[in-house]
file upload_17.cif (mmCIF, C-alpha atoms and all ligand atoms; chains and numbers go by the auth columns)
data_query
#
loop_
_atom_site.group_PDB
_atom_site.id
_atom_site.type_symbol
_atom_site.label_atom_id
_atom_site.label_comp_id
_atom_site.label_asym_id
_atom_site.label_seq_id
_atom_site.Cartn_x
_atom_site.Cartn_y
_atom_site.Cartn_z
_atom_site.B_iso_or_equiv
_atom_site.auth_seq_id
_atom_site.auth_asym_id
ATOM 1 C CA MET A 1 23.133 19.207 29.693 0.00 1368 J
ATOM 2 C CA PRO A 2 21.373 22.021 31.537 0.00 1369 J
ATOM 3 C CA ALA A 3 18.084 21.252 33.258 0.00 1370 J
ATOM 4 C CA ASP A 4 16.319 24.083 31.473 0.00 1371 J
ATOM 5 C CA PHE A 5 17.262 22.406 28.151 0.00 1372 J
ATOM 6 C CA ASP A 6 15.074 19.450 29.105 0.00 1373 J
ATOM 7 C CA PHE A 7 12.250 21.769 30.056 0.00 1374 J
ATOM 8 C CA GLU A 8 12.610 23.773 26.845 0.00 1375 J
ATOM 9 C CA PHE A 9 12.785 20.598 24.714 0.00 1376 J
ATOM 10 C CA GLY A 10 9.705 19.201 26.419 0.00 1377 J
ATOM 11 C CA SER A 11 7.874 22.452 25.934 0.00 1378 J
ATOM 12 C CA LEU A 12 8.724 22.618 22.210 0.00 1379 J
ATOM 13 C CA PHE A 13 7.932 18.926 21.711 0.00 1380 J
ATOM 14 C CA SER A 14 4.542 19.263 23.343 0.00 1381 J
ATOM 15 C CA GLN A 15 3.684 22.018 20.843 0.00 1382 J
ATOM 16 C CA LEU A 16 4.296 19.569 17.990 0.00 1383 J
ATOM 17 C CA ARG A 17 1.773 17.037 19.265 0.00 1384 J
ATOM 18 C CA ALA A 18 -1.417 16.827 17.338 0.00 1385 J
ATOM 19 C CA THR A 19 -4.749 17.553 18.905 0.00 1386 J
ATOM 20 C CA PRO A 20 -6.893 14.444 19.582 0.00 1387 J
ATOM 21 C CA GLU A 21 -8.953 15.218 16.469 0.00 1388 J
ATOM 22 C CA GLU A 22 -5.815 15.483 14.311 0.00 1389 J
ATOM 23 C CA ALA A 23 -4.307 12.329 15.803 0.00 1390 J
ATOM 24 C CA SER A 24 -7.373 10.249 14.957 0.00 1391 J
ATOM 25 C CA ALA A 25 -7.710 11.624 11.412 0.00 1392 J
ATOM 26 C CA ARG A 26 -6.711 9.113 8.751 0.00 1393 J
ATOM 27 C CA ALA A 27 -6.044 9.490 5.087 0.00 1394 J
ATOM 28 C CA PRO A 28 -8.958 8.343 2.914 0.00 1395 J
ATOM 29 C CA SER A 29 -8.489 4.869 1.467 0.00 1396 J
ATOM 30 C CA SER A 30 -8.897 6.250 -2.076 0.00 1397 J
ATOM 31 C CA LEU A 31 -5.887 8.502 -1.489 0.00 1398 J
ATOM 32 C CA LYS A 32 -3.893 5.523 -0.177 0.00 1399 J
ATOM 33 C CA ALA A 33 -4.857 3.544 -3.295 0.00 1400 J
ATOM 34 C CA ARG A 34 -3.742 6.342 -5.634 0.00 1401 J
ATOM 35 C CA LEU A 35 -0.463 6.750 -3.741 0.00 1402 J
ATOM 36 C CA TYR A 36 0.158 2.996 -3.840 0.00 1403 J
ATOM 37 C CA SER A 37 -0.424 2.918 -7.615 0.00 1404 J
ATOM 38 C CA ALA A 38 1.960 5.823 -8.126 0.00 1405 J
ATOM 39 C CA LEU A 39 4.631 4.262 -5.901 0.00 1406 J
ATOM 40 C CA VAL A 40 4.502 0.897 -7.655 0.00 1407 J
ATOM 41 C CA ARG A 41 4.611 2.569 -11.088 0.00 1408 J
ATOM 42 C CA SER A 42 7.634 4.537 -9.920 0.00 1409 J
ATOM 43 C CA GLN A 43 9.259 1.384 -8.567 0.00 1410 J
ATOM 44 C CA GLN A 44 8.757 -0.367 -11.913 0.00 1411 J
ATOM 45 C CA GLU A 45 10.762 2.370 -13.617 0.00 1412 J
ATOM 46 C CA SER A 46 13.866 1.249 -11.703 0.00 1413 J
ATOM 47 C CA GLY A 47 13.459 -2.435 -12.581 0.00 1414 J
ATOM 48 C CA PRO A 48 11.133 -5.422 -12.481 0.00 1415 J
ATOM 49 C CA LEU A 49 9.089 -6.167 -9.394 0.00 1416 J
ATOM 50 C CA ALA A 50 9.602 -9.398 -7.467 0.00 1417 J
ATOM 51 C CA SER A 51 8.081 -12.293 -9.369 0.00 1418 J
ATOM 52 C CA LEU A 52 4.834 -13.807 -8.180 0.00 1419 J
ATOM 53 C CA ASP A 53 6.613 -17.102 -7.461 0.00 1420 J
ATOM 54 C CA ALA A 54 9.158 -15.284 -5.251 0.00 1421 J
ATOM 55 C CA THR A 55 6.355 -13.417 -3.519 0.00 1422 J
ATOM 56 C CA VAL A 56 4.508 -16.637 -2.702 0.00 1423 J
ATOM 57 C CA ALA A 57 7.748 -18.353 -1.669 0.00 1424 J
ATOM 58 C CA SER A 58 8.327 -15.596 0.895 0.00 1425 J
ATOM 59 C CA ASP A 59 4.899 -16.270 2.446 0.00 1426 J
ATOM 60 C CA HIS A 60 3.173 -13.185 1.053 0.00 1427 J
ATOM 61 C CA GLY A 61 -0.334 -13.586 -0.248 0.00 1428 J
ATOM 62 C CA ILE A 62 -1.220 -12.686 -3.801 0.00 1429 J
ATOM 63 C CA CYS A 63 -4.491 -11.437 -5.222 0.00 1430 J
ATOM 64 C CA ILE A 64 -6.762 -13.796 -7.165 0.00 1431 J
ATOM 65 C CA PHE A 65 -5.774 -12.162 -10.460 0.00 1432 J
ATOM 66 C CA GLU A 66 -2.094 -12.526 -9.619 0.00 1433 J
ATOM 67 C CA LYS A 67 -2.755 -16.188 -8.786 0.00 1434 J
ATOM 68 C CA LEU A 68 -4.156 -16.720 -12.280 0.00 1435 J
ATOM 69 C CA VAL A 69 -0.932 -15.350 -13.766 0.00 1436 J
ATOM 70 C CA GLN A 70 1.251 -17.291 -11.328 0.00 1437 J
ATOM 71 C CA ILE A 71 -0.201 -20.649 -12.384 0.00 1438 J
ATOM 72 C CA ALA A 72 -0.163 -19.751 -16.091 0.00 1439 J
ATOM 73 C CA PRO A 73 2.570 -21.379 -18.196 0.00 1440 J
ATOM 74 C CA VAL A 74 4.497 -18.157 -18.803 0.00 1441 J
ATOM 75 C CA GLY A 75 8.087 -17.198 -18.120 0.00 1442 J
ATOM 76 C CA GLU A 76 9.376 -15.722 -14.892 0.00 1443 J
ATOM 77 C CA LYS A 77 9.827 -12.303 -16.519 0.00 1444 J
ATOM 78 C CA ALA A 78 6.117 -12.153 -17.349 0.00 1445 J
ATOM 79 C CA LYS A 79 5.317 -12.794 -13.695 0.00 1446 J
ATOM 80 C CA SER A 80 7.152 -9.694 -12.478 0.00 1447 J
ATOM 81 C CA ARG A 81 4.654 -7.037 -13.433 0.00 1448 J
ATOM 82 C CA PHE A 82 2.113 -5.017 -11.518 0.00 1449 J
ATOM 83 C CA PHE A 83 -0.996 -7.089 -12.245 0.00 1450 J
ATOM 84 C CA CYS A 84 -3.261 -5.219 -9.869 0.00 1451 J
ATOM 85 C CA GLN A 85 -2.759 -2.288 -12.245 0.00 1452 J
ATOM 86 C CA VAL A 86 -5.341 -3.881 -14.541 0.00 1453 J
ATOM 87 C CA CYS A 87 -7.507 -5.408 -11.807 0.00 1454 J
ATOM 88 C CA HIS A 88 -10.810 -3.595 -11.395 0.00 1455 J
ATOM 89 C CA ALA A 89 -10.127 -3.352 -7.666 0.00 1456 J
ATOM 90 C CA ARG A 90 -7.599 -0.608 -8.450 0.00 1457 J
ATOM 91 C CA VAL A 91 -10.116 1.425 -10.397 0.00 1458 J
ATOM 92 C CA LEU A 92 -12.767 1.120 -7.698 0.00 1459 J
ATOM 93 C CA ALA A 93 -10.345 1.707 -4.818 0.00 1460 J
ATOM 94 C CA GLU A 94 -8.919 4.843 -6.412 0.00 1461 J
ATOM 95 C CA LYS A 95 -12.412 6.299 -6.896 0.00 1462 J
ATOM 96 C CA PHE A 96 -14.289 5.261 -3.743 0.00 1463 J
ATOM 97 C CA ASP A 97 -13.369 5.178 -0.047 0.00 1464 J
ATOM 98 C CA SER A 98 -15.459 2.062 0.531 0.00 1465 J
ATOM 99 C CA PRO A 99 -15.317 0.171 -2.769 0.00 1466 J
ATOM 100 C CA PRO A 100 -17.330 -3.058 -3.227 0.00 1467 J
ATOM 101 C CA ILE A 101 -14.277 -5.333 -3.449 0.00 1468 J
ATOM 102 C CA PHE A 102 -13.700 -8.231 -1.094 0.00 1469 J
ATOM 103 C CA TRP A 103 -11.150 -10.813 -2.243 0.00 1470 J
ATOM 104 C CA PRO A 104 -8.107 -11.424 -0.060 0.00 1471 J
ATOM 105 C CA HIS A 105 -4.509 -10.311 -0.553 0.00 1472 J
ATOM 106 C CA CYS A 106 -5.204 -7.521 -3.024 0.00 1473 J
ATOM 107 C CA PRO A 107 -3.584 -4.363 -1.648 0.00 1474 J
ATOM 108 C CA TYR A 108 -6.496 -2.273 -2.891 0.00 1475 J
ATOM 109 C CA VAL A 109 -8.941 -4.342 -0.877 0.00 1476 J
ATOM 110 C CA GLU A 110 -6.744 -4.025 2.206 0.00 1477 J
ATOM 111 C CA PHE A 111 -6.764 -0.220 2.012 0.00 1478 J
ATOM 112 C CA LYS A 112 -10.483 -0.291 2.823 0.00 1479 J
ATOM 113 C CA GLY A 113 -9.904 -1.246 6.435 0.00 1480 J
ATOM 114 C CA SER A 114 -6.867 0.922 7.070 0.00 1481 J
HETATM 115 ZN ZN ZN B . -5.496 -7.092 -7.131 0.00 1 D
#

call {"tool": "encode", "arguments": {"input": "upload_17.cif", "output": "structure tokens"}}
result
Amino acid sequence: MPADFDFEFGSLFSQLRATPEEASARAPSSLKARLYSALVRSQQESGPLASLDATVASDHGICIFEKLVQIAPVGEKAKSRFFCQVCHARVLAEKFDSPPIFWPHCPYVEFKGS
């Protein structure tokens, strides 16, 4: 490989780097919440989500509303839905960048700090 290839590659690559202001810019948490909702809805179109029992068994936390469903005496199929869809955290997180929601393990709450 010619030496000037390395120089040319380095020169082109350095042009792709973001400025410090661009590198520190983050997407608003409300945008992340809307994207997450859309992605999960899209994922549900291809089949059921992992059940809440399977999620807990794999050491992933679940939101307080999901916990209520998990301990309810319903079938496994009923536990494989997107429960945060109806949780008010979703509504608040999609509208505000710093929503007043605080309970653990809800993805919409976790977008606040990201
Ligand atoms: Zn939730």

call {"tool": "residues_around", "arguments": {"input": "upload_17.cif", "residues": "J:Arg1401", "least_positions_apart": "3", "cutoff": "6 Å", "atoms": "all atoms listed in the file", "output": "list in words"}}
result
Leu1398, Ser1404 and Glu1461 of chain J

call {"tool": "closest_residue", "arguments": {"input": "upload_17.cif", "among": "J:Cys1430, J:Val1407, J:Ile1468, J:Leu1402", "to": "ligand ZN 1 (chain D)", "atoms": "only C-alpha atoms and all ligand atoms"}}
result
J:Cys1430

call {"tool": "residues_near_ligand", "arguments": {"input": "upload_17.cif", "ligand": "ligand ZN 1 (chain D)", "cutoff": "6 Å", "atoms": "only C-alpha atoms and all ligand atoms", "output": "short mmCIF file (atom, residue, chain, number, x, y, z; two decimals) with C-alpha atoms, in the coordinates of the input"}}
result
data_model
loop_
_atom_site.label_atom_id
_atom_site.label_comp_id
_atom_site.auth_asym_id
_atom_site.auth_seq_id
_atom_site.Cartn_x
_atom_site.Cartn_y
_atom_site.Cartn_z
CA CYS J 1430 -4.49 -11.44 -5.22
CA CYS J 1451 -3.26 -5.22 -9.87
CA CYS J 1454 -7.51 -5.41 -11.81
CA ALA J 1456 -10.13 -3.35 -7.67
CA CYS J 1473 -5.20 -7.52 -3.02
#

call {"tool": "atom_distance", "arguments": {"input": "upload_17.cif", "atom1": "atom CA of J:Arg1448", "atom2": "atom CA of J:Gln1411"}}
result
8.0 Å

call {"tool": "resolve_selection", "arguments": {"input": "upload_17.cif", "expression": "the PyMOL selection byres (((chain J and resi 1418-1424) around 8) and not hetatm)", "output": "number ranges by chain"}}
result
J: 1416-1417, 1425-1429, 1433-1434, 1437, 1443-1444, 1446-1448

call {"tool": "resolve_selection", "arguments": {"input": "upload_17.cif", "expression": "the PyMOL selection byres (((chain J and resi 1393-1396) around 10) and not hetatm)", "output": "PyMOL selection string"}}
result
chain J and resi 1389-1392+1397-1402+1460-1466+1475-1481

call {"tool": "atom_distance", "arguments": {"input": "upload_17.cif", "atom1": "atom CA of J:Arg1408", "atom2": "atom CA of J:His1472"}}
result
19.0 Å

call {"tool": "closest_residue", "arguments": {"input": "upload_17.cif", "among": "J:Ala1445, J:Phe1469, J:Leu1435, J:Pro1474", "to": "J:Tyr1403", "atoms": "only C-alpha atoms"}}
result
J:Pro1474

call {"tool": "axis_aligned_box", "arguments": {"input": "upload_17.cif", "around": "stretch 1463-1474 of chain J", "padding_each_side": "6 Å", "output": "JSON"}}
result
{"center_x": -10.5, "center_y": -3.1, "center_z": -1.6, "size_x": 25.7, "size_y": 28.7, "size_z": 16.3}

call {"tool": "atom_distance", "arguments": {"input": "upload_17.cif", "atom1": "atom CA of J:Ser1413", "atom2": "atom CA of J:Trp1470"}}
result
29.3 Å
